[in-house]
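S.K.: Dropping in coords22.cif, with mmCIF, C-alpha atoms and all ligand atoms.
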```
data_input
loop_
_atom_site.label_atom_id
_atom_site.label_comp_id
_atom_site.auth_asym_id
_atom_site.auth_seq_id
_atom_site.Cartn_x
_atom_site.Cartn_y
_atom_site.Cartn_z
CA MET A 1 65.37 183.23 160.43
CA GLY A 2 67.66 186.23 160.21
CA GLU A 3 70.15 186.93 157.45
CA LYS A 4 70.64 184.15 154.95
CA CYS A 5 73.74 182.02 155.31
CA LEU A 6 76.30 181.81 152.51
CA ALA A 7 74.96 178.47 151.23
CA CYS A 8 71.43 179.86 151.03
CA ARG A 9 72.67 183.04 149.32
CA ILE A 10 74.39 180.88 146.71
CA ASP A 11 71.22 178.82 146.33
CA ALA A 12 69.23 182.03 145.81
CA GLY A 13 71.64 183.17 143.11
CA GLU A 14 72.93 186.09 145.20
CA VAL A 15 76.48 184.76 145.06
CA VAL A 16 77.76 183.25 141.84
CA VAL A 17 80.27 180.41 142.14
CA PRO A 18 82.70 180.13 139.19
CA GLY A 19 82.02 176.96 137.23
CA GLY A 20 78.47 176.73 138.56
CA GLU A 21 76.74 173.61 139.83
CA ILE A 22 78.47 170.45 138.63
CA TYR A 23 75.87 168.14 140.17
CA SER A 24 72.38 168.74 141.42
CA ASP A 25 69.57 166.55 142.74
CA ASP A 26 66.54 167.06 144.95
CA HIS A 27 68.65 167.38 148.09
CA TRP A 28 72.31 168.05 147.25
CA VAL A 29 74.26 170.47 145.09
CA VAL A 30 77.96 170.24 144.24
CA GLU A 31 79.99 173.27 143.22
CA HIS A 32 83.41 174.81 143.76
CA GLY A 33 84.19 176.02 147.26
CA VAL A 34 84.36 179.71 148.08
CA VAL A 35 85.92 181.20 151.19
CA SER A 36 84.35 184.66 151.19
CA THR A 37 82.04 186.72 149.05
CA ALA A 38 83.04 190.35 149.36
CA PRO A 39 83.19 192.12 147.03
CA VAL A 40 83.14 189.10 144.71
CA ALA A 41 83.45 185.44 145.50
CA LEU A 42 86.94 184.61 146.74
CA VAL A 43 87.43 181.12 145.44
CA SER A 44 89.02 178.45 147.55
CA LEU A 45 91.84 176.05 146.78
CA LYS A 46 91.58 174.77 143.21
CA GLY A 47 89.42 171.65 143.16
CA HIS A 48 87.93 172.15 146.64
CA MET A 49 84.35 171.08 146.08
CA ALA A 50 81.41 171.90 148.33
CA VAL A 51 78.55 169.39 148.66
CA ARG A 52 75.78 171.42 150.23
CA CYS A 53 72.31 170.47 151.32
CA ARG A 54 69.62 172.34 149.40
CA ARG A 55 67.63 172.89 152.57
CA HIS A 56 68.94 175.26 155.21
CA VAL A 57 69.82 172.78 157.94
CA GLU A 58 72.39 173.48 160.57
CA HIS A 59 73.36 170.06 161.90
CA PHE A 60 74.14 166.70 160.40
CA TYR A 61 71.88 165.01 162.92
CA LEU A 62 68.93 167.03 161.59
CA LEU A 63 69.19 165.64 158.05
CA THR A 64 66.18 163.64 156.93
CA ASP A 65 66.34 160.02 155.73
CA GLU A 66 65.67 161.29 152.22
CA GLU A 67 68.61 163.67 152.40
CA LEU A 68 70.87 160.92 153.75
CA LEU A 69 69.89 158.27 151.26
CA ASN A 70 72.51 158.70 148.53
CA LEU A 71 74.92 160.91 150.43
CA GLY A 72 77.54 158.15 150.77
CA LEU A 73 77.52 157.39 147.06
CA LEU A 74 77.63 161.05 146.16
CA LEU A 75 80.54 161.87 148.48
CA HIS A 76 82.42 158.86 147.19
CA ASP A 77 81.88 159.83 143.57
CA VAL A 78 82.79 163.49 144.13
CA ALA A 79 85.98 162.42 145.95
CA GLU A 80 86.92 160.04 143.15
CA ALA A 81 86.23 162.72 140.52
CA VAL A 82 88.38 165.22 142.44
CA ALA A 83 91.18 162.66 142.74
CA ARG A 84 91.10 161.84 139.04
CA ALA A 85 90.89 165.45 137.91
CA THR A 86 93.43 167.02 140.25
CA ARG A 87 95.91 164.19 141.03
CA PRO A 88 96.47 165.28 144.63
CA GLU A 89 98.50 163.54 147.31
CA HIS A 90 95.42 163.13 149.45
CA VAL A 91 91.69 163.91 149.37
CA TYR A 92 89.96 165.07 152.53
CA VAL A 93 86.22 164.58 152.96
CA PHE A 94 84.77 166.34 155.94
CA LEU A 95 81.79 168.16 157.35
CA SER A 96 82.10 171.19 159.53
CA GLY A 97 79.26 173.62 158.99
CA GLU A 98 80.02 175.47 162.20
CA VAL A 99 80.98 178.82 160.67
CA MET A 100 78.41 178.81 157.89
CA GLY A 101 75.66 177.20 159.96
CA HIS A 102 74.52 175.05 157.03
CA VAL A 103 75.35 171.40 156.34
CA CYS A 104 77.99 171.48 153.62
CA TRP A 105 80.54 168.74 153.03
CA HIS A 106 83.99 169.62 151.81
CA VAL A 107 85.91 167.43 149.37
CA LEU A 108 89.38 168.84 149.38
CA PRO A 109 92.49 167.86 147.45
CA ARG A 110 95.84 168.27 149.20
CA TYR A 111 98.54 168.96 146.66
CA VAL A 112 102.29 168.38 146.78
CA GLY A 113 103.85 171.18 148.82
CA MET A 114 100.89 171.61 151.17
CA PRO A 115 101.34 170.47 154.79
CA ALA A 116 100.39 166.82 155.25
CA ASN A 117 98.46 167.73 158.34
CA GLN A 118 94.77 168.47 158.36
CA ALA A 119 94.88 171.14 161.07
CA ASP A 120 97.37 173.19 159.04
CA VAL A 121 95.43 172.62 155.84
CA LEU A 122 92.18 173.82 157.41
CA ASN A 123 93.87 176.80 159.00
CA GLY A 124 95.49 177.77 155.70
CA LEU A 125 92.29 177.24 153.79
CA PHE A 126 89.67 178.93 155.92
CA ARG A 127 91.53 181.34 158.20
CA LEU A 128 94.68 182.44 156.37
CA LYS A 129 93.14 181.92 152.90
CA THR A 130 96.51 180.78 151.61
CA TRP A 131 95.37 178.76 148.62
CA VAL A 132 92.74 180.76 146.79
CA CYS A 133 92.59 180.35 143.03
CA SER A 134 91.28 182.53 140.22
CA HIS A 135 87.73 182.30 138.90
CA ASP A 136 89.12 180.95 135.63
CA GLU A 137 91.08 178.20 137.40
CA ALA A 138 88.02 177.29 139.48
CA SER A 139 85.77 177.14 136.40
CA LYS A 140 88.25 175.04 134.47
CA THR A 141 88.84 172.63 137.36
CA SER A 142 85.11 172.36 138.09
CA GLY A 143 84.56 171.45 134.46
CA GLU A 144 87.20 168.73 134.62
CA ILE A 145 85.77 167.33 137.86
CA LYS A 146 82.26 167.43 136.36
CA GLY A 147 83.50 165.34 133.43
CA PHE A 148 84.65 162.57 135.76
CA LEU A 149 81.64 162.89 138.06
CA ASP A 150 79.18 162.60 135.16
CA GLN A 151 80.93 159.39 134.09
CA LEU A 152 80.84 157.95 137.61
CA VAL A 153 77.17 158.76 138.13
CA ALA A 154 76.27 157.47 134.67
CA ALA A 155 78.27 154.29 135.30
CA ARG A 156 75.92 153.51 138.16
CA GLY A 157 73.27 153.25 135.46
CA ASN A 158 69.82 153.02 136.88
CA ASN A 159 71.14 152.82 140.42
CA GLU A 160 67.99 153.14 142.47
CA LEU A 161 69.51 155.53 144.95
CA TYR A 162 70.69 158.04 142.37
CA ALA A 163 67.47 157.65 140.40
CA HIS A 164 65.50 158.17 143.57
CA MET A 165 67.35 161.41 144.31
CA GLY A 166 66.21 163.01 141.07
CA TRP A 167 69.66 163.50 139.57
CA ARG A 168 69.43 166.13 136.85
ZN ZN A 201 71.56 178.07 154.73
#
```
Give the structure from the file, written as structure tokens.
Ligand SMILES: [Zn+2]
M.R.:
Amino acid sequence: MGEKCLACRIDAGEVVVPGGEIYSDDHWVVEHGVVSTAPVALVSLKGHMAVRCRRHVEHFYLLTDEELLNLGLLLHDVAEAVARATRPEHVYVFLSGEVMGHVCWHVLPRYVGMPANQADVLNGLFRLKTWVCSHDEASKTSGEIKGFLDQLVAARGNNELYAHMGWR
């Protein structure tokens, strides 16, 4: 493999995401989204959370059964935590991975005043970089989302799927 992708550079600690990991298990990590890294991380829209696979894997169809096992629960709980913490008009949950070349889900709040149109939101977010926030805002929002996410995961108690995934 050539140069490491952004997700793998974050995993290796070469890029620091404000707010840090708010969830981590054997296969998935959740942290605030970033849209570029030079010279320091340019943080995405406040409350945009990235759910990235720990393993460098380029395509959804290459995920293993183990990696897929609690993905639905996790995406649901991250989306609910984002909704509760940020009170958006809508929450997008999507997987692209084409630019980064690493499976990474995006859980993205759309706030009042943003276009209610996913093509414009994605264009503004990733190409025009219209909605970046400060590192402080990202850290604070990540902390708030983590508070809700911890409650949701804990509320599942000894849910076999979460337990199986080695939540820590
Ligand atoms: Zn990677």
S.K.: Could you tell me which of A:Trp105, A:Gly20, A:Met100, A:Val29 comes closest to A:Ala79 if we count only C-alpha atoms?
M.R.: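 Nearest to A:Ala79: A:Trp105.
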S.K.: Neighbours of ligand ZN 201 (chain A) at 8 Å or closer, counting all atoms listed in the file: which residues, as a list in words?
M.R.: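 Counting all atoms listed in the file, the residues within 8 Å of ligand ZN 201 (chain A) come out as Lys4, Cys5, Leu6, Ala7, Cys8, Arg9, Arg55, His56, Val57, Glu58, Met100, Gly101, His102 and Val103 of chain A.
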S.K.: Padding of 6 Å on every side, edges along x, y and z, all listed atoms of stretch 90-106 of chain A included: what centre and edge lengths in Å, to one decimal, does that box have, as JSON?
M.R.:
```
{"center_x": 85.0, "center_y": 171.0, "center_z": 155.8, "size_x": 32.9, "size_y": 27.7, "size_z": 24.8}
```
S.K.: Check which residues of stretch 8-47 of chain A sit at most 8 Å from stretch 135-148 of chain A using only C-alpha atoms, and return one row each with the closest pair of atoms and their distance in Å to one decimal, ordered by chain and rising number, as a Markdown table.
M.R.:
```
| residue | atom | partner | partner_atom | distance |
| --- | --- | --- | --- | --- |
| A:Pro18 | CA | A:Ser139 | CA | 5.1 |
| A:Gly19 | CA | A:Ser139 | CA | 3.8 |
| A:Gly20 | CA | A:Ser139 | CA | 7.6 |
| A:Ile22 | CA | A:Lys146 | CA | 5.4 |
| A:Tyr23 | CA | A:Lys146 | CA | 7.5 |
| A:Glu31 | CA | A:Ser142 | CA | 7.3 |
| A:His32 | CA | A:Ser142 | CA | 6.4 |
| A:Val43 | CA | A:His135 | CA | 6.7 |
| A:Lys46 | CA | A:Ala138 | CA | 5.7 |
| A:Gly47 | CA | A:Thr141 | CA | 5.9 |
```
S.K.: In terms of the shortest atom-to-atom distance over all atoms listed in the file, which of A:Asp65, A:Arg54, A:Val15, A:Val78 is closest to A:Leu152?
M.R.: A:Val78
S.K.: Nearest to A:Val34: which of A:Pro115, A:Asp150, A:His106, A:Ala81 is it, counting only C-alpha atoms?
M.R.: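 Among the listed residues, the smallest separation from A:Val34 belongs to A:His106.
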S.K.: Considering all atoms listed in the file, state which residue in the set A:Leu63, A:Leu108, A:Cys133, A:Val121 is at the smallest distance from A:Glu80.
M.R.: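 Closest to A:Glu80, using all atoms listed in the file: A:Leu108.
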S.K.: Using all atoms listed in the file, which residues sit within 10 Å of A:Phe126 once same-chain residues fewer than 3 positions away are excluded, as a PyMOL selection string?
M.R.: chain A and resi 34-36+44-45+99+121-123+129-132
S.K.: Separation of atom CA of A:Leu149 and atom CA of A:Glu67, in Å?
M.R.: 19.4 Å
S.K.: In Å to one decimal, how far is atom CA of A:Arg156 from atom CA of A:Leu73?
M.R.: 9.8 Å
S.K.: Measure the distance from atom CA of A:His27 to atom CA of A:Ser96 in Å and round it to one decimal.
M.R.: 18.1 Å
S.K.: Excluding same-chain residues fewer than 2 positions from A:Gly33, what lies within 6 Å of it counting all atoms listed in the file, as a PyMOL selection string?
M.R.: chain A and resi 44+48-50
S.K.: Looking at A:Ala83, A:Ala163, A:Leu128, A:Met114, which one is nearest to A:Asp26, with distances taken over all atoms listed in the file?
M.R.: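 The answer is A:Ala163, which sits nearest to A:Asp26.
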